[in-house]
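The structure appears right after this line, and notes come after that.
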There are 4 protein chains.
Amino acid sequence: MSFNTFGKIFRFTTWGESHGPAIGCVVDGCPPNINIKEQDIQIELNKRKPGQSKFTSQRKEDDKVQILSGLFEGKTTGTPISLIIYNKDARSRDYETIKNKFRPGHADFTYLKKYGIRDYRGGGRQSARETASRVAAGAIAKKVLESKIGKKFKVIGAVTQLGIIGCDVKKWNDQNIRKNPFFCPDKSFVKLWKKYLLSIRKSGSSCGAIIEIRARGVPVGLGAPIYSKLDMDIASAMMSINAVKGVNIGSGMSSAQLTGEQNSDEISQKGKKLKFHSNNAGGILGGISTGQEIVVSFAVKPTSSILKSRKTVDKFGKNTSISVKGRHDPCVGIRAVPIGEAMLNCVLLDHYLLNKAQCGK
Amino acid sequence: MSFNTFGKIFRFTTWGESHGPAIGCVVDGCPPNINIKEQDIQIELNKRKPGQSKFTSQRKEDDKVQILSGLFEGKTTGTPISLIIYNKDARSRDYETIKNKFRPGHADFTYLKKYGIRDYRGGGRQSARETASRVAAGAIAKKVLESKIGKKFKVIGAVTQLGIIGCDVKKWNDQNIRKNPFFCPDKSFVKLWKKYLLSIRKSGSSCGAIIEIRARGVPVGLGAPIYSKLDMDIASAMMSINAVKGVNIGSGMSSAQLTGEQNSDEISQKGKKLKFHSNNAGGILGGISTGQEIVVSFAVKPTSSILKSRKTVDKFGKNTSISVKGRHDPCVGIRAVPIGEAMLNCVLLDHYLLNKAQCGK
Amino acid sequence: MSFNTFGKIFRFTTWGESHGPAIGCVVDGCPPNINIKEQDIQIELNKRKPGQSKFTSQRKEDDKVQILSGLFEGKTTGTPISLIIYNKDARSRDYETIKNKFRPGHADFTYLKKYGIRDYRGGGRQSARETASRVAAGAIAKKVLESKIGKKFKVIGAVTQLGIIGCDVKKWNDQNIRKNPFFCPDKSFVKLWKKYLLSIRKSGSSCGAIIEIRARGVPVGLGAPIYSKLDMDIASAMMSINAVKGVNIGSGMSSAQLTGEQNSDEISQKGKKLKFHSNNAGGILGGISTGQEIVVSFAVKPTSSILKSRKTVDKFGKNTSISVKGRHDPCVGIRAVPIGEAMLNCVLLDHYLLNKAQCGK
Amino acid sequence: MSFNTFGKIFRFTTWGESHGPAIGCVVDGCPPNINIKEQDIQIELNKRKPGQSKFTSQRKEDDKVQILSGLFEGKTTGTPISLIIYNKDARSRDYETIKNKFRPGHADFTYLKKYGIRDYRGGGRQSARETASRVAAGAIAKKVLESKIGKKFKVIGAVTQLGIIGCDVKKWNDQNIRKNPFFCPDKSFVKLWKKYLLSIRKSGSSCGAIIEIRARGVPVGLGAPIYSKLDMDIASAMMSINAVKGVNIGSGMSSAQLTGEQNSDEISQKGKKLKFHSNNAGGILGGISTGQEIVVSFAVKPTSSILKSRKTVDKFGKNTSISVKGRHDPCVGIRAVPIGEAMLNCVLLDHYLLNKAQCGK
């Protein structure tokens with residue numbers, strides 16, 4: 001039972017508000033003797049940090065991480081790793097005008113009703129700023145998995161649909177993803193997306209996105225039946241990301257439209273290797289990894305903070321309207337790519353350790 | 001950390017294999033002094049049990065539940081409630097011919113690789129027979145919630161898409177759902193679905209489905225930010241159901257295609273009541289219930305056990321093919337309706353109790 | 001968070017009341033491919049079962065265990081193991097006269113105040129009958145540990161003090177323990193204890209006891225610092241046994257009276273072996289096993305159900321007195337020996353698996 | 001499952017090493033709208049901090065706590081509270097000479113064997129410096145309980161035995177405790193203890209202690225049967241404190257020597273009040289609080305770091321000896337008083353919230 005902790009054996013607990021002095025996390029259950037440098041974590045944080053292109057929030061944050069515990073002479077010791085990121089560019093004044101209004105699509109209303117108090121500055125704990133902490137935790141999980149499984153292990157994500165424009169997933173190319181500000185895996189779509197997103201922003205609106213995360217080199221046997229299914233924990237991980245409203249494993253929602261013979265992936269043996277002819281299962285059968293690529297996609301709803309005026313209510317019960325001016329991403333989905341990667345790394349490491357525990361391999 | 005337990009405070013642990021002597025579950029954390037009869041549980045089990053129409057498995061199971069503990073003079077005592085359902089019609093001979101082959105789309109391969117041993121009879125623990133246990137647990141959760149919140153509280157599910165044919169969700173009518181063998185909420189589609197499913201079955205194939213579950217009368221404030229989000233736990237719950245590959249909350253995957261102003265639900269005050277103009281959020285903002293209807297949908301992949309021949313491999317590494325003859329549902333999605341309802345009842349009760357704990361209401 | 005579950009990875013959940021139809025437990029997280037027979041469990045249950053000598057309760061229970069799931073062809077499959085024991089000799093009439101009175105030293109008052117309802121028949125869930133379930137779970141843990149570590153692994157317990165008469169712990173002899181009805185490890189005390197306990201029973205009173213459990217062959221490195229310390233989980237395990245009021249690890253409470261040089265166990269190397277000169281630590285330093293014998297002792301208070309009349313109050317708030325006639329053990333501590341052994345086996349297996357998870361060995 | 005987290009609903013996770021840059025903790029599950037100031041936490045930390053008398057370590061630490069998250073306008077918001085304490089006086093050079101030797105009575109050997117790596121500086125994570133974090137968490141728990149239950153609620157601890165000299169517990173006086181450097185509740189013993197401890201220190205040795213913690217004003221009904229017993233969680237909490245080897249609830253180990261009629265606390269009704277005639281149960285029956293004073297005591301072994309030379313082994317397997325010079329407490333038990341108080345506050349709040357969850361009161 002944990003409100004702010006994720007994981008079973010490899011666990012991280014995040015803390016911090018958008019406009020508090022700092023945010024951070026404590027990573028527990030990390031195996032010992034793994035080489036980790038602040039720089040390994042910083043690389044992942046840099047993928048997520050704001051202000052990197054005109055398509056993301058202009059909030060200026062270095063997102064400079066410090067390791068406060070759990071390492072000795074550059075290696076993990078098996079004790080908790082505490083990470084801290086100081087908030088630099090928290091302009092609380094930006095939020096003064098909206099402190100009494102419930103922003104539609106945000107959790108202002110639900111937080112206030114639940115707790116009877118809310119830190120309205122930048123959304124407080126609701127803010128996606130929290131996700132920097134998980135990206136940091138994910139960077140540690142990645143290092144452990146690479147150390148245990150080897151370099152064939154790789155988690156990589158991309159935006160496969162930006163608002164109404166999907167790219168061609170069959171043309172997915174890892175190399176392309178980091179070369180454009182959209183994490184688009186198919187370079188032929190970059191120009192179109194650019195144009196589209198500029199027009200969205202110009203109109204004072206925002207758009208949603210679909211993100212796909214793939215994991216390669218995952219051993220057979222991770223996951224567990226029934227209530228620790230690998231797909232269950234992945235769905236849970238992705239749904240914990242701000243603004244995510246849907247999660248698919250493999251064929252996902254589309255599998256409803258398939259027939260039995262279209263959907264179930266046939267198998268054949270080629271020498272010593274067992275091969276699946278397709279991957280509708282997304283690399284998971286009965287909650288356990290098959291050794292195929294794990295494929296998960298999720299939808300991020302459009303940014304709720306938009307310039308366009310929206311009807312709402314204030315905390316005194318009066319009808320009003322709101323137009324949110326802050327420094328918001330026109331599509332929050334873009335920055336969800338490294339977050340999704342981080343979460344998948346964490347889930348996979350957790351199940352890697354659980355499998356060691358119960359099955360000894 | 002629990003392989004076979006679901007929940008945080010209201011927790012149930014299921015056990016049992018398809019062709020073992022019995023299945024069952026232990027429900028822990030149930031509030032005391034709630035009136036519960038075996039019949040309350042039986043009613044829910046009867047919705048799920050096989051052999052009720054020609055569109056579901058012909059396995060004959062009464063699914064007769066017995067309460068072994070946790071009640072005194074008809075009331076819960078706060079101690080664990082143990083429920084048992086004996087297996088009656090387990091024809092193990094049906095599976096002899098396939099005990100060495102990996103059925104495509106099933107977990108035969110992953111179980112064997114993970115554990116080095118598998119109970120192949122009827123799929124053993126992989127079998128959807130396990131879901132009877134959760135329907136039983138869900139029946140208890142439902143009784144508790146009705147007792148705490150009152151009769152305005154209601155969870156109801158339906159099939160909204162059968163294979164390639166979606167019904168009109170706007171015509172959802174609770175009364176229709178139980179009047180047809182498909183849990184179809186829009187009676188104008190029943191005939192078409194019947195014809196469609198008969199043709200699917202005749203061809204030796206199967207089809208998928210989309211199920212939608214709605215919860216009404218849910219108080220504002222259930223759920224918690226970050227890693228106990230209500231939508232996260234719901235996604236997790238639904239993904240734990242056999243054959244589920246995708247989960248949506250509210251607009252779900254489609255929210256990616258909306259603009260900010262289309263997606264965020266406007267709010268206005270009418271007298272003492274705060275009203276949302278739409279429900280793209282599916283009743284959850286920032287992981288916390290808004291008081292609106294909670295709307296969750298999920299896709300169930302087509303039954304993997306089909307008559308049509310499929311290429312596969314046996315456990316000795318030889319290429320072979322398989323045609324599964326047992327007594328299988330042409331669309332397992334149909335019987336997922338009461339399972340989804342049960343899981344939603346359990347998640348809601350769990351968060352109801354958690355909210356009492358932290359926020360005292 | 002679990003009211004009725006014990007353990008982290010190797011977990012068991014117990015259920016059942018003294019006078020309900022049955023009691024039982026579900027064991028989850030058990031490694032696969034371990035040979036287990038009902039007889040392996042029965043042997044342990046037989047050590048605990050009542051009516052074996054005139055020094056324990058005359059309730060007649062076979063305590064015949066049935067395995068309902070989790071095994072296939074005699075081996076564990078990694079899925080939950082459900083165990084059931086039917087209650088045979090539940091004479092509910094015995095308790096009619098006391099259903100409204102709070103028995104001093106029992107949980108009648110606290111259960112009723114907490115839950116607003118209580119199953120007074122034989123103490124309901126309070127009854128030590130629940131401990132049969134844990135003995136069964138412990139039998140499984142023992143089999144797994146023997147299979148993983150080998151026959152050098154052994155957990156054995158004894159009564160080292162019966163009421164006011166302690167035996168000589170230095171004369172502990174494993175062989176003696178099962179040869180007398182008191183689990184006394186030093187045969188020279190058996191006669192004296194017999195005489196003492198008969199006089200206690202004759203006087204309508206009861207006495208307490210101290211039980212010591214030892215584990216040999218435990219690998220170095222089980223346990224974890226801070227909040228999963230091995231000694232913490234052992235203390236927790238022992239304190240969960242009915243009527244236990246104190247727990248010691250190694251020198252325990254007496255360590256307060258030692259000086260630093262008396263207490264800290266010196267170390268020396270003999271060839272390839274590191275040896276401790278003493279074992280005040282009870283085999284645990286910093287929460288982690290040292291490889292020495294693990295030594296834990298705990299006190300069981302005297303049976304509260306006695307013939308002698310005691311002042312009390314009934315549930316209507318009236319002063320009254322009570323003399324409990326049922327079939328009670330004059331010293332419940334005796335039957336706590338196999339329970340303590342079972343709990344220690346469970347804790348050790350749990351930490352064995354956790355160590356595999358984090359440290360891979 | 002959590003190596004470095006304590007609690008079920010009110011949970012805290014600690015991190016940090018003795019000679020790292022800082023230590024701290026994250027408190028999760030705290031109810032909202034509770035007034036908390038850094039000063040409230042500082043007061044508790046000041047009771048524990050070193051260098052306050054010549055009877056404790058001369059390490060100079062302000063133990064100045066900073067709150068990094070979870071509060072807004074002086075009140076808790078229901079989100080995680082992150083606390084940090086920077087290490088000031090970490091003289092790593094003190095430990096250079098002993099980095100390769102296993103100090104007897106310390107966890108040097110077990111940490112190295114378990115993890116294959118250890119931060120030897122000041123004991124790293126083994127150091128009792130970690131306990132500052134829990135004292136901080138306990139200060140929050142205390143504020144919440146005072147706010148919920150009122151000022152009649154009070155947790156207070158004392159040293160009742162210093163080495164071989166016990167004080168008279170019947171002369172316990174709250175006022176005396178803070179007036180002497182030993183937390184001695186009976187002022188007539190202060191001089192004697194002073195003389196005794198000076199002689200112990202002078203001889204280059206150390207001594208153990210017994211600490212007793214009492215909680216008053218605890219409502220009836222906290223705790224839960226079987227595996228969340230209040231006494232079980234208290235035993236677990238106390239045993240998690242460094243150097244604790246034994247825990248008693250009420251009469252504890254001595255209850256073994258009592259007869260049934262001596263031990264079970266008689267009850268009578270006086271007007272509207274139910275009264276117990278004695279408190280051998282230590283305020284807990286069947287794992288649930290009775291409303292009486294909760295009384296727990298525990299033994300702290302003598303400081304293992306002593307001047308006297310002790311035989312040991314180095315990490316290369318060579319026999320050697322060690323004499324530990326650092327700045328060590330001659331009796332670590334003294335500073336365990338505020339730690340035990342903190343842990344009891346945390347356990348009680350946790351069960352207070354759990355009771356709200358399941359029983360609604």
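Here, A, B, ... name the chains of the structure tokens in the order displayed, residue numbers run from 1 inside each chain, and ligands are numbered from 1 in the same displayed order.
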query = Would you list which chain B residues are within 10 Å of chain C using only C-alpha atoms, as number ranges by chain?
reply = B: 1-5, 7-29, 31-33, 67-73, 75-82, 86, 111-112, 114-121, 124-126
task = Would you mind listing what lies within 10 Å of Val169 in chain A as a list of chain:residue names, with only C-alpha atoms counted and same-chain residues fewer than 3 positions away left out?
result =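 Answer for this query is A:Ala158, A:Val159, A:Thr160, A:Gln161, A:Gly166, A:Trp172, A:Asn173, A:Cys184, A:Pro185, A:Asp186, A:Glu212.
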Those same residues, written as a PDB file, in the first residue's frame with N, CA, C and O atoms?
ATOM      1  N   ALA A 158       8.761   6.265 -28.670  1.00  0.00           N
ATOM      2  CA  ALA A 158       8.567   7.292 -29.692  1.00  0.00           C
ATOM      3  C   ALA A 158       7.137   7.779 -29.648  1.00  0.00           C
ATOM      4  O   ALA A 158       6.259   7.109 -29.098  1.00  0.00           O
ATOM      5  N   VAL A 159       6.903   8.959 -30.227  1.00  0.00           N
ATOM      6  CA  VAL A 159       5.531   9.425 -30.454  1.00  0.00           C
ATOM      7  C   VAL A 159       5.088   8.840 -31.786  1.00  0.00           C
ATOM      8  O   VAL A 159       5.777   9.010 -32.798  1.00  0.00           O
ATOM      9  N   THR A 160       3.991   8.117 -31.791  1.00  0.00           N
ATOM     10  CA  THR A 160       3.551   7.522 -33.069  1.00  0.00           C
ATOM     11  C   THR A 160       2.321   8.220 -33.638  1.00  0.00           C
ATOM     12  O   THR A 160       1.940   7.986 -34.776  1.00  0.00           O
ATOM     13  N   GLN A 161       1.709   9.051 -32.810  1.00  0.00           N
ATOM     14  CA  GLN A 161       0.590   9.853 -33.323  1.00  0.00           C
ATOM     15  C   GLN A 161       0.595  11.189 -32.609  1.00  0.00           C
ATOM     16  O   GLN A 161       0.658  11.244 -31.380  1.00  0.00           O
ATOM     17  N   GLY A 166      -1.138  10.340 -37.367  1.00  0.00           N
ATOM     18  CA  GLY A 166      -0.306   9.202 -36.993  1.00  0.00           C
ATOM     19  C   GLY A 166       0.847   9.067 -37.992  1.00  0.00           C
ATOM     20  O   GLY A 166       0.703   9.387 -39.169  1.00  0.00           O
ATOM     21  N   TRP A 172       9.422   2.739 -38.329  1.00  0.00           N
ATOM     22  CA  TRP A 172      10.121   3.043 -37.058  1.00  0.00           C
ATOM     23  C   TRP A 172      11.621   2.844 -37.228  1.00  0.00           C
ATOM     24  O   TRP A 172      12.072   1.784 -37.645  1.00  0.00           O
ATOM     25  N   ASN A 173      12.371   3.877 -36.903  1.00  0.00           N
ATOM     26  CA  ASN A 173      13.827   3.795 -36.978  1.00  0.00           C
ATOM     27  C   ASN A 173      14.391   4.454 -35.723  1.00  0.00           C
ATOM     28  O   ASN A 173      14.243   5.662 -35.518  1.00  0.00           O
ATOM     29  N   CYS A 184       9.801  11.513 -33.092  1.00  0.00           N
ATOM     30  CA  CYS A 184       9.095  10.823 -34.172  1.00  0.00           C
ATOM     31  C   CYS A 184      10.032   9.777 -34.791  1.00  0.00           C
ATOM     32  O   CYS A 184      11.159  10.077 -35.148  1.00  0.00           O
ATOM     33  N   PRO A 185       9.560   8.528 -34.895  1.00  0.00           N
ATOM     34  CA  PRO A 185      10.450   7.458 -35.364  1.00  0.00           C
ATOM     35  C   PRO A 185      10.512   7.362 -36.902  1.00  0.00           C
ATOM     36  O   PRO A 185      11.309   6.602 -37.430  1.00  0.00           O
ATOM     37  N   ASP A 186       9.665   8.134 -37.551  1.00  0.00           N
ATOM     38  CA  ASP A 186       9.574   8.066 -39.027  1.00  0.00           C
ATOM     39  C   ASP A 186       9.811   9.481 -39.546  1.00  0.00           C
ATOM     40  O   ASP A 186       8.928  10.336 -39.492  1.00  0.00           O
ATOM     41  N   GLU A 212       4.530   5.104 -28.060  1.00  0.00           N
ATOM     42  CA  GLU A 212       4.770   3.656 -28.065  1.00  0.00           C
ATOM     43  C   GLU A 212       6.149   3.391 -27.472  1.00  0.00           C
ATOM     44  O   GLU A 212       7.114   4.057 -27.836  1.00  0.00           O
TER      45      GLU A 212
END
task = Skip Gly246 in chain C itself and residues of its chain fewer than 3 positions away, then list as number ranges by chain all residues within 9 Å of it, counting only C-alpha atoms.
result = C: 235, 238-239, 297-300; D: 235, 246-255
request  = With a distance cut-off of 10 Å and only C-alpha atoms, select the neighbouring residues of Leu307 in chain D, excluding the residue or stretch itself and same-chain residues fewer than 6 positions from it, and output the selection as an NGL selection string.
outcome  = (:C and (260-261)) or (:D and (201-206 or 322-326 or 328))
Residues from the last selection, N, CA and C atoms, saved as a PDB file, in the first residue's frame:
ATOM      1  N   GLY C 260      30.312  -4.130  27.048  1.00  0.00           N
ATOM      2  CA  GLY C 260      30.669  -4.236  25.634  1.00  0.00           C
ATOM      3  C   GLY C 260      31.545  -5.437  25.341  1.00  0.00           C
ATOM      4  N   GLU C 261      32.531  -5.689  26.206  1.00  0.00           N
ATOM      5  CA  GLU C 261      33.433  -6.799  25.906  1.00  0.00           C
ATOM      6  C   GLU C 261      32.808  -8.162  26.214  1.00  0.00           C
TER       7      GLU C 261
ATOM      8  N   ARG D 201      32.871   4.083  31.290  1.00  0.00           N
ATOM      9  CA  ARG D 201      33.563   4.781  30.214  1.00  0.00           C
ATOM     10  C   ARG D 201      35.073   4.827  30.478  1.00  0.00           C
ATOM     11  N   LYS D 202      35.376   5.089  31.725  1.00  0.00           N
ATOM     12  CA  LYS D 202      36.780   5.169  32.120  1.00  0.00           C
ATOM     13  C   LYS D 202      37.530   3.865  31.828  1.00  0.00           C
ATOM     14  N   SER D 203      36.819   2.765  32.026  1.00  0.00           N
ATOM     15  CA  SER D 203      37.455   1.461  31.811  1.00  0.00           C
ATOM     16  C   SER D 203      37.545   1.099  30.332  1.00  0.00           C
ATOM     17  N   GLY D 204      37.083   2.011  29.441  1.00  0.00           N
ATOM     18  CA  GLY D 204      37.140   1.717  28.004  1.00  0.00           C
ATOM     19  C   GLY D 204      36.084   0.721  27.567  1.00  0.00           C
ATOM     20  N   SER D 205      35.056   0.579  28.395  1.00  0.00           N
ATOM     21  CA  SER D 205      34.002  -0.384  28.082  1.00  0.00           C
ATOM     22  C   SER D 205      32.685   0.340  27.777  1.00  0.00           C
ATOM     23  N   SER D 206      31.606  -0.376  27.814  1.00  0.00           N
ATOM     24  CA  SER D 206      30.280   0.209  27.564  1.00  0.00           C
ATOM     25  C   SER D 206      29.249  -0.662  28.270  1.00  0.00           C
ATOM     26  N   ILE D 322      41.281  -5.420  17.466  1.00  0.00           N
ATOM     27  CA  ILE D 322      40.777  -4.072  17.213  1.00  0.00           C
ATOM     28  C   ILE D 322      40.415  -3.381  18.521  1.00  0.00           C
ATOM     29  N   SER D 323      40.676  -2.069  18.515  1.00  0.00           N
ATOM     30  CA  SER D 323      40.292  -1.232  19.636  1.00  0.00           C
ATOM     31  C   SER D 323      39.704   0.010  18.980  1.00  0.00           C
ATOM     32  N   VAL D 324      38.425   0.277  19.233  1.00  0.00           N
ATOM     33  CA  VAL D 324      37.744   1.323  18.455  1.00  0.00           C
ATOM     34  C   VAL D 324      37.807   2.659  19.176  1.00  0.00           C
ATOM     35  N   LYS D 325      38.407   3.649  18.488  1.00  0.00           N
ATOM     36  CA  LYS D 325      38.643   4.915  19.179  1.00  0.00           C
ATOM     37  C   LYS D 325      37.598   6.001  18.958  1.00  0.00           C
ATOM     38  N   GLY D 326      36.931   6.039  17.850  1.00  0.00           N
ATOM     39  CA  GLY D 326      35.949   7.096  17.484  1.00  0.00           C
ATOM     40  C   GLY D 326      35.307   7.866  18.657  1.00  0.00           C
ATOM     41  N   HIS D 328      32.254   7.472  20.609  1.00  0.00           N
ATOM     42  CA  HIS D 328      31.093   6.614  20.783  1.00  0.00           C
ATOM     43  C   HIS D 328      30.400   6.812  22.119  1.00  0.00           C
TER      44      HIS D 328
END
ask   = Hey, what does DSSP flag as strand (DSSP E) within range 70-250 of chain A? Can you give it to me as JSON, numbers by chain?
value = {"A": [71, 72, 75, 76, 81, 82, 83, 84, 85, 86, 154, 155, 156, 157, 158, 159, 160, 161, 162, 165, 166, 209, 210, 211, 212, 213, 214, 215, 216, 244, 245, 246, 247, 248, 249]}
Preceding selection exported with C-alpha atoms as a short mmCIF file (atom, residue, chain, number, x, y, z; two decimals), in the first residue's frame:
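Final file, again_28.cif:
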data_model
loop_
_atom_site.label_atom_id
_atom_site.label_comp_id
_atom_site.auth_asym_id
_atom_site.auth_seq_id
_atom_site.Cartn_x
_atom_site.Cartn_y
_atom_site.Cartn_z
CA LEU A 71 26.63 4.84 -3.62
CA PHE A 72 30.18 4.21 -2.49
CA LYS A 75 28.94 1.74 -7.05
CA THR A 76 25.56 0.97 -5.56
CA ILE A 81 19.57 5.85 -3.32
CA SER A 82 18.27 9.33 -2.62
CA LEU A 83 18.07 11.71 -5.56
CA ILE A 84 17.28 15.41 -5.41
CA ILE A 85 16.56 18.02 -8.09
CA TYR A 86 16.22 21.61 -6.98
CA LYS A 154 17.10 -1.83 -24.82
CA VAL A 155 13.99 0.19 -24.06
CA ILE A 156 13.10 2.85 -26.61
CA GLY A 157 10.00 4.97 -27.09
CA ALA A 158 8.57 7.29 -29.69
CA VAL A 159 5.53 9.42 -30.45
CA THR A 160 3.55 7.52 -33.07
CA GLN A 161 0.59 9.85 -33.32
CA LEU A 162 0.51 13.60 -32.80
CA ILE A 165 -1.74 12.68 -37.47
CA GLY A 166 -0.31 9.20 -36.99
CA ALA A 209 -0.57 12.08 -28.64
CA ILE A 210 0.05 8.36 -28.72
CA ILE A 211 3.37 7.10 -27.40
CA GLU A 212 4.77 3.66 -28.07
CA ILE A 213 7.49 2.07 -25.94
CA ARG A 214 9.37 -1.03 -27.00
CA ALA A 215 11.66 -3.27 -24.97
CA ARG A 216 14.07 -5.61 -26.66
CA VAL A 244 -2.63 9.21 -19.76
CA LYS A 245 -6.12 7.86 -20.49
CA GLY A 246 -5.54 4.59 -22.34
CA VAL A 247 -2.98 1.79 -22.51
CA ASN A 248 -2.49 -0.97 -25.09
CA ILE A 249 -0.29 -4.03 -24.98
#
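Between CA of Arg310 in chain C and CA of Ile200 in chain C there is a distance of 16.5 Å.
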inquiry  = What's the separation between CA of Ala128 in chain A and CA of Gly208 in chain A, in Å to one decimal place?
reply    =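 Separating CA of Ala128 in chain A from CA of Gly208 in chain A is a distance of 15.1 Å.
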key: Secondary structure check, alpha helix (DSSP H) residues of range 128-355 of chain A, as a VMD selection string   = chain A and resid 131 to 149 174 to 177 190 to 202 230 to 239 260 to 263 336 to 355
